[in-house]
Each structure stands twice: as structure tokens, then as C-alpha cells.
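Comments concern the structure below.
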Amino acid sequence: MSATDTLENTKTNVQEVESVTIRFAGDSGDGMQLTGTQFTNTAAVIGNDISTFPDYPAEIRAPAGSLPGVSGFQLNFSSVDIRTPGDAPNVLIAMNPAALKVNLPDLEEGGLLIVNTNEFIKANFDKAGYTSNPLEDGSLAGYRVVAIPITDMTMNALAQVPMTKRNKERCKNFFALGVVFCLYDRPLEPTIEWINDKFEKKHPEVAEANRLVLKAGFDYADTAEIFSTHYKVRKAHLPPGKYRKITGNEATALGFVTAAQLAGRPLFYGTYPITPASDILHELSLLKSFGVKTFQAEDEIAAIGAAIGASFAGHIGLTGTSGPGVALKSEAIGLAVMTELPVVIVDVQRGGPSTGLPTKTEQADLLQAMYGRNSECPVAVLAPSTPGDCFHMAIEAVRLAIKFMTPVFFLSDGYIANGAEPWKVPPMNELPDLSFQFVTDPEGFFPYKRDPETLSRPWAIPGTPGLTHRIGGLEKQHITGNVNYDPANHDFMVRLRAEKIANIANFIPEAEVFGAPEGDLLVIGWGGTYGAITTAVETLQHQGQRISSCHLQYLNPLPRNLGDIMANFKRVAVAELNLGQLCMVLRAKYLVDVISINKVAGQPFKVKELVNRFQGLL
Amino acid sequence: MSTNPTKISGAADMPLGLTRMNFISDQEVRWCPGCGDYSILFQVQTVMPKLNIPREKIVFVSGIGCSSRFPYYMNTYGFHGIHGRAPTIASGIKIANPELSVWLVTGDGDGLSIGGNHIVHAMRRNLDMNILLFNNRIYGLTKGQYSPTSEYGKKTKSSPYGTVEHPINPISLAIASEATFIARSVDIDTKHLSATIERAAYHKGMSFVEIFQNCNIFNDGAFKEFTEKEVRSDRILPLEHGKPMIFGKEKNKGIRLNGLKPEVVTLGENGISTSDLLVHNEEDLDPTLAYMLSQLPFPEFPVPIGVFRRVTKPCYEDSVLEQIDGAVAKKGRGDLEKLMNSGDTWVVEEF
Ligand code: SF4
């Protein structure tokens with residue numbers, strides 16, 4: 001916590017700080033994601049900048065108290081502009097020994113540690129691999145420990161409530177939340193409103209219990225004066241406007257429905273449930289009044305097959321998945337390349353290969369997106385860089401798919417998909433115009449005749465008189481679209497499809513440099529690493545280093561000015577969560593000796609580790 | 001013949017005056033001479049004008065295989081997809097535009113092997129479309145390997161010692177998958193074939209038609225034991241709704257239920273009359289008898305052709321539209337600005 005000044009308060013110290021990182025950790029059944037989300041919502045509504053990082057296990061309910069069952073939610077809230085959920089938490093709430101064991105290594109030195117003492121019992125020490133009670137053996141001497149019997153106090157608060165013991169116990173996360181609200185002097189109203197909305201109608205007793213426990217936690221912390229100092233984080237100086245908190249997956253769903261509306265066609269979302277992309281389906285399946293059709297297919301292949309069929313028939317065809325699903329969709333993507341139909345493939349990347357780490361983040365599907373199909377099969381590839389950016393890049397993906405009649409990859413990742421940030425709601429009149437017309441004139445119509453500017457073929461949909469035609473996966477004759485095996489035609493068509501995608505570079509924005517346009521080190525990044533890279537680069541810039549960064553949202557084709565940007569720096573590095581995939585592409589394309597800074601731990605970059613690694617190159 | 005009263009997808013109100021010639025595309029047909037596919041193509045092109053659907057409202061979708069070349073030969077919209085995935089593409093087309101008449105042409109390899117999963121799910125969703133499965137019990141396009149409908153022990157290029165796989169029964173599969181119209185016909189029985197295709201077209205819901213199709217190059221005569229002129233009437237049982245199950249040259253054989261077991265009986269023998277025979281009820285909601293018919297072993301029993309089952313259920317694409325219309329009726333047409341501003345919002349003022 002960076003203290004800026006200290007105010008005197010009648011009861012306790014109130015210290016004003018710029019930004020705070022909190023991590024809630026407990027069993028996956030303890031409701032830590034919910035607790036973290038509630039704290040985040042409150043912080044957002046009262047005007048802090050926020051960034052979150054939910055980190056949960058793949059198992060729905062791993063054995064209670066075990067290390068693999070630990071679920072965490074980290075959030076950073078701030079009075080200044082922040083881009084990451086923070087490296088090391090200032091505060092750790094550990095609901096049991098396993099949560100302490102897993103998360104303590106990340107807690108800052110001297111950090112505040114709030115534990116639920118009721119769970120610190122022999123059976124749980126065994127499960128967490130502790131041979132002695134860490135609360136008593138002196139191993140926590142370097143931290144400020146606040147030990148609270150959270151379970152007991154929850155039960156006390158609910159003594160008069162007719163509810164089963166088990167259900168009462170399940171309210172304990174709200175006690176912890178109340179305590180932390182008190183510590184940061186936050187209002188309870190937003191959470192109480194949420195409880196009312198969620199439970200009051202169907203389960204009034206649950207609503208009442210949660211409200212009681214939340215207040216009990218707050219009051220306990222307040223009256224027992226368990227914290228000698230309270231902290232205040234002022235509103236952030238965000239650009240003026242209307243904001244909402246948004247996760248990457250929410251912004252993705254919103255972006256695609258917006259794009260479809262801007263294009264004036266219904267959105268068709270074909271998908272198969274897969275972590276961490278399923279939330280996009282959940283969001284879109286609610287939007288029936290926008291004409292959105294969601295199709296939960298029998299498998300990944302059917303999901304994209306149906307999206308391609310819907311696109312042929314004139315809908316905005318979209319499919320969403322994660323890496324293993326992309327593997328299954330590859331052949332169908334090839335079909336969409338051959339038939340030149342617009343379809344967007346959302347890949348919310350996760351750790352791999354194979355089933356890998358379903359709930360952890362990674363950026364290792366770049367080469368799969370670019371090259372993972374048989375033969376010469378070029379597609380456009382985009383990557384949003386923050387949760388909010390998912391909205392804008394979704395619109396871009398649809399714009400390019402329609403304009404160029406091509407599949408477009410949208411490479412999100414588990415980190416930004418589940419992470420949240422304040423998102424400035426764009427005014428309607430600032431959204432791009434995606435309106436277009438289907439081809440209807442039979443005069444001179446050929447299914448593979450090209451627009452000279454975009455090289456794309458006409459989109460003529462079934463139902464249009466005079467334009468009946470057949471398309472398919474066999475090689476097409478230039479212009480007529482008839483099946484054709486002529487060697488010269490094939491060579492021509494392969495090159496034409498490649499040129500069509502390369503030509504998109506003329507229709508996308510140029511890359512921008514963060515920092516000076518020349519210097520000692522240029523760090524190139526893409527996708528969800530934006531926050532960490534930019535913050536690390538900024539830190540070094542403040543130290544006077546000649547370092548800049550360039551974050552790519554367009555990966556195929558690359559922005560046309562990228563080569564020139566790189567030429568102005570002594571060294572160029574790519575920081576990415578894989579073994580150097582973009583690095584390889586840049587080296588191959590530009591013959592520049594690009595250095596790879598990489599990590600594949602299923603975790604995002606920390607700012608500090610990037611600062612260290614960049615420093616080593618300066 | 002009872003036709004479905006429902007208006008067929010895409011059909012025009014006024015007669016269009018189309019003929020078979022209107023449905024012949026400019027592409028040269030490339031099946032082997034003598035292939036059963038020719039007859040099926042001819043019958044489909046014959047049925048099409050009767051449906052009175054403008055050509056542009058018809059889409060033929062296929063996967064990969066000999067039969068899957070079909071869309072190129074139809075002067076309609078067409079989509080030649082990838083192996084086994086035609087049901088997925090066709091589903092997307094139909095959901096996007098329910099006004100289209102969607103036809104899916106597939107084979108035993110394409111539809112029951114690589115595309116087995118999709119065909120099952122397309123059938124259970126009961127989209128209003130028509131699946132024509134050309135069953136030749138062999139892989140033709142890849143030149144003669146056994147298929148999922150090849151008989152046990154069949155010697156083929158990939159099973160020189162005979163296959164050790166048991167065949168799948170397409171009609172049984174369709175029944176288990178809850179298709180709402182299930183029929184079987186034969187490539188060379190042109191009258192029966194065109195009548196069956198027409199009935200499939202008029203059915204509102206998923207129509208599945210298995211067509212025995214002779215591959216004269218790699219599996220010639222696969223069905224001749226019961227389709228040859230001389231034996232046909234003794235070995236084929238034509239299913240007719242509401243009629244007793246009678247077959248035979250002399251029309252004197254029938255199917256009777258003995259307890260739960262079917263048996264072949266001769267009319268006039270042992271006092272058996274038509275009133276003892278099973279009466280075919282294609283509208284029976286209970287699929288038991290339809291399934292039993294699909295499983296009748298040959299040659300102890302004749303091979304049933306005709307409509308096994310025809311029932312009514314809500315169609316997927318209609319239900320999708322109903323939900324959309326319902327949501328619009330309740331909440332009004334989606335307002336994008338409102339949606340973007342939903343959730344917890346706050347305003348940051350100018351400093
Ligand atoms: S291989 Fe057989 S099924 Fe294929 S076209 Fe030739 S005869 Fe017909």
C-alpha cells in the first residue's frame with residue numbers, strides 16, 4: 001500500500017492509500033468468487049479503478065480443505081489508473097489452512113492476513129500439509145495477523161434465524177466481506193441491494209441471513225477495533241463518462257450482439273460448453289429479444305458447422321470455444337476459408353496441450369489460430385487486450401469477417417475473460433457502421449467474382465431469386481465457383497486467398513507505440529498481457545529508461561507499420577504466455593532478431609517479473 | 001396417400017409451373033454409369049416441381065461421398081460440406097431461415113460413420129428438413145472399403161477376411177433418435193421412391209428416408225435378393241398406413257403378432273384371415289412396432305419399405321422463433337443502448 005498521507009480519526013487511524021490489492025481465498029465451496037465480485041462491484045460503483053483476477057480450480061468441488069480445492073479472487077482497486085490486478089496482495093483473507101498455504105507466498109512482506117481460526121484445526125492442517133499450527137508456530141511473524149473465529153461469529157449472528165446449521169455456515173463469506181468492507185470504509189448498500197435482488201423473492205430467509213451476517217462482520221470489525229488503522233482509497237480520476245464493471249466474457253457477448261445489430265442481421269452463436277468460454281453462451285442465451293439465436297450443439301464441430309450454415313443463410317455466424325475445441329473445428333474453418341463465408345471463431349485460450357489447465361490462462365493458441373489447418377488456409381486473427389477491449393474487438397472481428405468474407409479468429413484468454421475492469425460505455429453514435437447489403441442482382445452474378453478493393457466474393461443468400469448457386473469444400477474455379485482441378489487455377493486461388501487476407505492490413509489501424517518512438521528496447525505484446533506489460537514499461541520509463549511498448553490487437557495480418565516501428569529500437573522483445581509464438585512469427589516475417597520473454601505457468605505475468613526481465617535487456 | 005395438411009416450407013401460393021427440367025443444373029453428372037444415384041436424382045428432380053417451391057427457396061446440403069455430389073446437380077442453392085457434417089450445416093441454414101426447404105443428402109459412411117453423432121442430434125431436434133440417406137453398404141468414393149451398414153463377414157478391399165463388425169440399422173437408429181418421419185425406399189422402385197420423397201417433403205418435422213442404392217462398381221447387387229423383379233413381391237413388405245401387412249405374389253402372406261413376436265403367416269391357412277394380421281399404424285406414438293418392423297430379420301421375413309413412422313412434435317426452429325417472439329412481446333425489441341448501460345453503472349464527472 002503506498003501511503004500518501006495520514007489523517008487522524010476519533011476512533012482509529014485512517015490512512016489514505018493510492019491502491020490496494022486484496023485476495024480472498026478459501027475452499028471452492030466457500031464462495032470466494034462471489035465475495036471478491038461483491039467487493040469489486042462496490043469499489044467500482046464508488047468510483048475506484050479496478051482490475052480483478054479470479055483464480056479457481058478446475059474441479060467443481062475438490063475435497064474440502066485440500067490444496068487443489070483452493071479458490072482465490074484477487075482484486076486491485078485504486079484512485080489512480082491501474083491496468084493489472086496487482087502482483088502481491090496487500091491483504092490476504094484465508095478461510096482455511098489450505099488457502100493460507102497456497103496463497104501466503106504471494107502476500108507482500110508485512111501484509112495484512114485475516115484468517116478464520118475456526119478452520120485452523122488438526123484435520124485441516126493435515127489436509128494442507130502443515131505439521132504445526134501456523135498461527136502459533138511463529139511462521140507468520142512477518143505479517144500482521146488478524147485472527148477471527150469467523151464461523152462461530154457467523155453462527156452467533158444467526159442464532160435466532162431458523163435455518164440449518166449447514167446453511168448458516170455457508171453465510172460465513174459474507175462475514176469476511178463485512179470485515180473487509182469495514183477495513184476500507186466501504187458502504188454495505190450495494191451488496192445489500194444485490195442480496196435483495198438475488199434472494200428476496202425466492203428465498204427471503206437466505207436474504208435475511210446474508211444481510212445479518214454481512215452487517216455482523218462490519219460491526220464486529222468496527223466495534224472490536226480489530227484494525228488499528230483503516231484505509232481510504234479515493235475515487236479514481238478516470239476519464240469522465242458512464243461506466244460499468246465488465247468481465248472479458250461479458251464484453252465479448254455484448255460486443256458480438258452489438259456488432260450484429262450494427263450489421264442489421266441476427267447473431268447466430270453455435271457453441272459447445274467449454275471452460276472458460278461458456279459464460280459467453282450464458283450471456284447470449286439471455287438476449288432473445290435481440291433476435292440472438294444460440295445453438296448448443298452436440299459437439300464443437302457441429303457448433304461451427306451450424307455457424308457456417310447460418311452464415312450461408314445470412315446470419316452473423318459466430319462460434320466460441322477454447323483451444324481443444326479449436327482443434328476439433330479446424331476442418332470446418334478450412335471449409336469456411338474455401339467457401340469464403342464470414343464466421344468468427346472465439347477462442348478463450350487456456351493452459352494446454354490437450355485438456356491441460358482448463359481454468360488457467362495461456363496464450364499458446366496463436367500458431368494454432370494462424371496455421372492449425374491442412375494446406376494453405378489463411379484467416380484473420382485478432383486479440384483483445386483487456387476485458388473492455390473484448391467489446392471493441394468483437395465488433396472489429398465481425399466488421400472484417402463481413403467485409404472480407406472470411407473466418408476471423410478472436411483470441412481472448414482465461415485471464416481477461418474472467419477478469420473485470422471499469423468499462424466506459426461508448427455512446428451509440430461512436431460505434432462503427434457495419435451495415436451492408438446482400439447481393440441481389442442476377443446481372444453478371446458469379447459466386448466467386450471479386451470486389452477489386454477487398455478481393456472478397458459476393459454474399460448471396462438462399463432465398464434470393466436468380467442467384468441459385470452451389471458452394472463447397474472442393475477447389476473453386478476463379479469467378480464461376482465451379483469445382484475445378486486445374487493446376488494453374490489452384491495455384492492462382494491459393495495465392496488469391498492469401499492475398500485477400502494480407503490485404504486486410506490496408507483496412508486496419510496502424511500499431512501505436514506506448515512511449516517514445518525510438519529507444520533501446522521495444523517490448524511487443526498481444527492479448528491479455530497488455531496490463532502487465534504496459535505497467536512494467538511505464539515503471540521503467542519513469543526510471544528514465546529508453547523503453548517503449550507496442551501492443552498488437554491485430555495478429556494476422558500484422559499492422560502495416562510494425563516493421564518501421566521495430567526498426568527504431570536497438571532491441572525488440574516479445575513478452576507472451578507461450579514459448580515464443582509471436583516472436584517466431586515476427587522473426588520469420590521481418591528477419592529481426594526478436595528476443596522472447598515468455599512464461600507458461602497458467603498464470604498471468606506479474607509486473608515485477610516483467611520489470612526485472614526488461615531491465616536485463618536494457 | 002395421406003398428405004400432411006401443413007404448408008410446406010417455402011411453397012408458393014400460386015402455381016409456379018415448374019418442371020423437372022428447371023431443377024437440372026448445368027453441371028455434368030459424374031457418377032459411374034449404372035449407379036443407383038442416377039435414379040434417385042431423377043426422382044428428386046421429378047418430385048421438386050410438384051412441391052411448388054421456388055427454386056431459390058430450396059437448399060441441398062451434403063457431406064462427402066458419391067451421394068454427396070448431389071447438390072451440384074440440383075439447380076437450387078447447394079452446399080457441399082465436409083465429411084459427415086452436413087447435418088450441422090443444414091441445421092444452421094434452417095435455423096437461420098425456416099422459410100427454406102432444406103434437403104440433406106448423405107450416405108451410409110457419411111451419415112452413419114463419420115457423421116453418426118450429428119445425424120442423431122439433428123433427428124432428435126426435429127428440424128423441419130429432409131434427410132435422404134443413400135445406403136449402398138459400401139464406401140464408393142474411396143473405392144470399396146466396408147461401411148457401417150456392410151453385413152457381418154463381408155469381404156471388401158479393407159476386409160479381405162470378412163468384416164468383424166456388426167452393421168448399424170439406419171431405420172432403428174432413426175427411431176431411437178426420435179425423427180418424426182421415417183421411411184425406406186429403393187432406388188429402382190421409382191414409383192415408390194418418388195412417392196416416398198414427396199411424403200417426406202410434406203411432413204412437417206425431421207424426415208429421414210433410407211434409400212437402398214446399388215453401387216454397381218463396388219457392391220453390385222447388394223439388394224438384389226429382395227429387389228429383383230422375380231422375387232420382389234415375395235420378399236418386400238410394402239407398409240401402408242391403416243392397412244394389414246400383406247405381401248407375396250399372391251397377396252396371401254401376412255405378418256401377425258404372436259405374443260410379442262412377429263411371424264409370417266399364410267392367409268387362408270389354419271383359418272387365418274386378414275383380421276388376424278398386424279395393421280400398420282405409422283402415426284402410433286409408441287415406437288415399439290415401428291422398431292420391430294425395422295428389425296425384422298431377412299430372409300425369414302420380408303424387407304419392409306414405406307413409412308415406418310410419422311408423428312408430430314414441435315420443430316426446433318419454430319420453438320427458437322417462439323422464444324424470440326415471446327421475449328420481444330414481453331420486453332419489447334432489444335434496445336442496444338439499454339443493454340450496454342445495464343448492470344451496475346456509475347458516472348465519472350469532469351474534474
Ligand atoms: S462408386 Fe458406386 S456409389 Fe459411387 S458413383 Fe460409382 S457406382 Fe455410384
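The chains in the C-alpha cells are called A, B, ... from first to last as shown; in each chain the residues are counted from 1, and the ligands are counted from 1 in the order shown.
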
Neighbours of B:Asp26 within 10 Å (only C-alpha atoms; same-chain residues fewer than 2 positions away dropped), as a list of chain:residue names?
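Once the adjacent positions are removed, what remains is B:Phe23, B:Ile24, B:Glu28, B:Val29, B:Tyr72, B:Tyr73, B:Met74, B:Asn75.
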
Please write out the residues within 12 Å of ligand 1 as number ranges by chain, counting only C-alpha atoms and all ligand atoms.
B: 29-41, 64-70, 106-109, 134-145, 187, 212-222

Can you write out the residues you just picked, keeping N, CA and C atoms, as a compact mmCIF listing (two decimals), in the first residue's frame?
```txt
# COMPACT_ATOMS: atom_id res chain seq x y z
N VAL B 29 -23.14 -34.59 -64.69
CA VAL B 29 -23.26 -35.60 -63.62
C VAL B 29 -22.12 -36.61 -63.76
N ARG B 30 -21.45 -36.85 -62.64
CA ARG B 30 -20.22 -37.64 -62.74
C ARG B 30 -20.25 -38.96 -61.99
N TRP B 31 -21.42 -39.53 -61.78
CA TRP B 31 -21.43 -40.84 -61.14
C TRP B 31 -21.11 -41.92 -62.18
N CYS B 32 -20.71 -43.09 -61.72
CA CYS B 32 -20.42 -44.17 -62.65
C CYS B 32 -21.70 -44.52 -63.40
N PRO B 33 -21.57 -44.86 -64.67
CA PRO B 33 -22.76 -45.28 -65.41
C PRO B 33 -23.40 -46.48 -64.70
N GLY B 34 -24.70 -46.43 -64.56
CA GLY B 34 -25.40 -47.56 -63.92
C GLY B 34 -25.56 -47.40 -62.43
N CYS B 35 -25.00 -46.37 -61.86
CA CYS B 35 -25.09 -46.14 -60.41
C CYS B 35 -26.55 -45.82 -60.03
N GLY B 36 -26.96 -46.32 -58.87
CA GLY B 36 -28.32 -46.08 -58.39
C GLY B 36 -28.60 -44.61 -58.11
N ASP B 37 -27.54 -43.82 -57.96
CA ASP B 37 -27.73 -42.40 -57.67
C ASP B 37 -28.51 -41.69 -58.78
N TYR B 38 -28.31 -42.15 -60.02
CA TYR B 38 -28.99 -41.50 -61.14
C TYR B 38 -30.51 -41.55 -60.97
N SER B 39 -30.97 -42.72 -60.56
CA SER B 39 -32.41 -42.89 -60.42
C SER B 39 -32.93 -41.98 -59.31
N ILE B 40 -32.17 -41.90 -58.23
CA ILE B 40 -32.63 -41.06 -57.10
C ILE B 40 -32.66 -39.59 -57.54
N LEU B 41 -31.62 -39.18 -58.23
CA LEU B 41 -31.57 -37.79 -58.72
C LEU B 41 -32.79 -37.51 -59.61
N ILE B 64 -19.59 -35.71 -47.69
CA ILE B 64 -18.60 -36.19 -48.64
C ILE B 64 -18.92 -37.64 -48.98
N GLY B 65 -18.74 -37.98 -50.21
CA GLY B 65 -19.01 -39.33 -50.68
C GLY B 65 -19.65 -39.23 -52.05
N CYS B 66 -19.91 -40.38 -52.67
CA CYS B 66 -20.52 -40.33 -54.01
C CYS B 66 -21.84 -39.57 -53.95
N SER B 67 -22.70 -39.94 -53.01
CA SER B 67 -24.02 -39.34 -52.95
C SER B 67 -23.93 -37.84 -52.70
N SER B 68 -22.87 -37.41 -52.03
CA SER B 68 -22.77 -36.01 -51.62
C SER B 68 -22.47 -35.06 -52.77
N ARG B 69 -22.25 -35.60 -53.97
CA ARG B 69 -22.12 -34.72 -55.13
C ARG B 69 -23.49 -34.17 -55.55
N PHE B 70 -24.50 -34.72 -54.97
CA PHE B 70 -25.89 -34.41 -55.35
C PHE B 70 -26.19 -32.92 -55.52
N THR B 106 -27.00 -37.71 -47.94
CA THR B 106 -25.84 -38.32 -47.29
C THR B 106 -25.81 -39.81 -47.64
N GLY B 107 -24.75 -40.47 -47.21
CA GLY B 107 -24.63 -41.89 -47.48
C GLY B 107 -24.44 -42.66 -46.20
N ASP B 108 -24.22 -43.97 -46.33
CA ASP B 108 -24.07 -44.76 -45.11
C ASP B 108 -22.76 -44.46 -44.39
N GLY B 109 -21.71 -44.14 -45.15
CA GLY B 109 -20.44 -43.80 -44.50
C GLY B 109 -20.51 -42.39 -43.92
N PHE B 134 -28.53 -42.37 -48.76
CA PHE B 134 -28.32 -43.37 -49.80
C PHE B 134 -27.49 -44.49 -49.17
N ASN B 135 -28.12 -45.63 -49.00
CA ASN B 135 -27.41 -46.74 -48.36
C ASN B 135 -27.00 -47.76 -49.41
N ASN B 136 -25.68 -47.78 -49.70
CA ASN B 136 -25.20 -48.79 -50.65
C ASN B 136 -24.30 -49.81 -49.96
N ARG B 137 -24.21 -49.70 -48.65
CA ARG B 137 -23.47 -50.66 -47.83
C ARG B 137 -22.01 -50.81 -48.23
N ILE B 138 -21.42 -49.72 -48.72
CA ILE B 138 -20.01 -49.78 -49.12
C ILE B 138 -19.48 -48.34 -49.20
N TYR B 139 -18.17 -48.18 -49.14
CA TYR B 139 -17.57 -46.89 -49.45
C TYR B 139 -17.25 -46.87 -50.92
N GLY B 140 -17.94 -46.01 -51.67
CA GLY B 140 -17.72 -45.93 -53.11
C GLY B 140 -16.58 -44.99 -53.47
N LEU B 141 -16.67 -43.76 -52.99
CA LEU B 141 -15.73 -42.73 -53.41
C LEU B 141 -14.28 -43.09 -53.06
N THR B 142 -14.09 -43.80 -51.93
CA THR B 142 -12.73 -44.19 -51.56
C THR B 142 -12.40 -45.59 -52.09
N LYS B 143 -13.28 -46.09 -52.92
CA LYS B 143 -13.03 -47.29 -53.73
C LYS B 143 -13.10 -48.61 -52.98
N GLY B 144 -14.21 -48.83 -52.29
CA GLY B 144 -14.53 -50.19 -51.94
C GLY B 144 -14.21 -50.72 -50.56
N GLN B 145 -14.13 -49.87 -49.54
CA GLN B 145 -13.98 -50.39 -48.18
C GLN B 145 -15.37 -50.68 -47.58
N ASP B 187 -33.86 -47.58 -54.80
CA ASP B 187 -33.54 -46.76 -55.97
C ASP B 187 -34.29 -47.17 -57.23
N PHE B 212 -32.25 -47.68 -50.41
CA PHE B 212 -31.32 -48.72 -50.82
C PHE B 212 -30.81 -48.35 -52.21
N GLN B 213 -29.52 -48.19 -52.32
CA GLN B 213 -28.94 -47.69 -53.57
C GLN B 213 -27.84 -48.63 -54.03
N ASN B 214 -27.97 -49.07 -55.23
CA ASN B 214 -26.98 -50.02 -55.74
C ASN B 214 -25.72 -49.31 -56.20
N CYS B 215 -24.57 -49.76 -55.67
CA CYS B 215 -23.28 -49.30 -56.17
C CYS B 215 -22.79 -50.40 -57.09
N ASN B 216 -22.98 -50.19 -58.36
CA ASN B 216 -22.69 -51.28 -59.30
C ASN B 216 -21.20 -51.52 -59.49
N ILE B 217 -20.38 -50.63 -58.97
CA ILE B 217 -18.93 -50.81 -59.11
C ILE B 217 -18.35 -51.61 -57.94
N PHE B 218 -18.72 -51.25 -56.73
CA PHE B 218 -18.06 -51.88 -55.57
C PHE B 218 -18.95 -52.81 -54.75
N ASN B 219 -20.26 -52.78 -55.01
CA ASN B 219 -21.12 -53.65 -54.21
C ASN B 219 -22.36 -54.02 -55.03
N ASP B 220 -22.11 -54.44 -56.25
CA ASP B 220 -23.22 -54.66 -57.17
C ASP B 220 -24.15 -55.75 -56.64
N GLY B 221 -25.41 -55.49 -56.74
CA GLY B 221 -26.40 -56.48 -56.35
C GLY B 221 -26.60 -56.63 -54.86
N ALA B 222 -26.20 -55.63 -54.11
CA ALA B 222 -26.31 -55.71 -52.65
C ALA B 222 -27.74 -55.99 -52.19
```

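Closest approach to chain B among A:Ala263, A:Leu140, A:Ile316, A:Ala99: A:Ile316, based on only C-alpha atoms.
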
Write out as JSON lines the residues of stretch 304-333 of chain B that have any atom within 12 Å of an atom of stretch 169-177 of chain B, one row each with the nearest atom pair and its distance in Å to one decimal, counting only C-alpha atoms, sorted by chain and then rising number.
```
{"residue": "B:Pro304", "atom": "CA", "partner": "B:Ile171", "partner_atom": "CA", "distance": 10.5}
{"residue": "B:Ile305", "atom": "CA", "partner": "B:Ile171", "partner_atom": "CA", "distance": 10.5}
{"residue": "B:Gly306", "atom": "CA", "partner": "B:Ile171", "partner_atom": "CA", "distance": 11.2}
{"residue": "B:Val307", "atom": "CA", "partner": "B:Ile171", "partner_atom": "CA", "distance": 10.3}
{"residue": "B:Phe308", "atom": "CA", "partner": "B:Ile171", "partner_atom": "CA", "distance": 8.3}
{"residue": "B:Arg309", "atom": "CA", "partner": "B:Ile175", "partner_atom": "CA", "distance": 8.0}
{"residue": "B:Arg310", "atom": "CA", "partner": "B:Ile175", "partner_atom": "CA", "distance": 10.4}
{"residue": "B:Val311", "atom": "CA", "partner": "B:Ile175", "partner_atom": "CA", "distance": 11.1}
```

Residues of chain B were defined as contacting chain A if any atom lay at most 8 Å from it, counting only C-alpha atoms; please report them as a PyMOL selection string.
chain B and resi 55-59+71-72+75-82+85-86+88-97+100+117-118+121+320+323-325+327-328+331-337+340-351

Residues within 12 Å of A:Gln160, only C-alpha atoms, excluding chain neighbours under 5 positions, as JSON, numbers by chain:
{"A": [154, 155, 165, 168, 205, 208, 209, 212]}

Would you list, as a PyMOL selection string, the residues of stretch 196-272 of chain B that end up in strand (DSSP E) under DSSP run on this structure's backbone?
chain B and resi 207-212+236-239+246-247+253-258+261-266

Neighbours of stretch 192-209 of chain B within 9 Å (only C-alpha atoms; same-chain residues fewer than 2 positions away dropped), as a PyMOL selection string?
chain B and resi 1-9+40+43-44+46-48+50-51+101+103+122-134+171+174+178-190+211+305-307+310-316

Determine the nearest neighbour of A:Ala397 from the options A:Ile416, A:Ala259, A:Leu357, A:Asn598, counting only C-alpha atoms.
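Closest residue, counting only C-alpha atoms: A:Ala259.
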
Which residues are near A:Gly69? Cut-off 10 Å, only C-alpha atoms, ignore same chain within fewer than 3 positions. Put them as number ranges by chain.
A: 26-29, 56-66, 72, 98-99

Using C-alpha atoms, can you export the residues from the last selection as a PDB file, in the first residue's frame?
```pdb
ATOM      1  CA  GLY A  26     -10.886 -20.342   0.610  1.00  0.00           C
ATOM      2  CA  ASP A  27     -12.344 -23.638  -0.413  1.00  0.00           C
ATOM      3  CA  SER A  28     -14.022 -23.721  -3.786  1.00  0.00           C
ATOM      4  CA  GLY A  29     -17.268 -24.152  -1.841  1.00  0.00           C
ATOM      5  CA  TYR A  56     -10.247 -21.064  -9.303  1.00  0.00           C
ATOM      6  CA  PRO A  57      -9.691 -24.820  -9.553  1.00  0.00           C
ATOM      7  CA  ALA A  58     -10.932 -26.950 -12.440  1.00  0.00           C
ATOM      8  CA  GLU A  59     -12.768 -29.265 -10.083  1.00  0.00           C
ATOM      9  CA  ILE A  60     -16.248 -28.087  -9.139  1.00  0.00           C
ATOM     10  CA  ARG A  61     -15.837 -29.367  -5.591  1.00  0.00           C
ATOM     11  CA  ALA A  62     -12.388 -30.687  -4.818  1.00  0.00           C
ATOM     12  CA  PRO A  63     -12.241 -32.317  -1.345  1.00  0.00           C
ATOM     13  CA  ALA A  64     -12.945 -29.665   1.291  1.00  0.00           C
ATOM     14  CA  GLY A  65      -9.847 -28.278   2.927  1.00  0.00           C
ATOM     15  CA  SER A  66      -7.477 -29.707   0.317  1.00  0.00           C
ATOM     16  CA  GLY A  72      -8.942 -17.340  -4.988  1.00  0.00           C
ATOM     17  CA  ALA A  98      -5.046 -24.807   2.684  1.00  0.00           C
ATOM     18  CA  ALA A  99      -5.917 -21.317   1.430  1.00  0.00           C
TER      19      ALA A  99
END
```
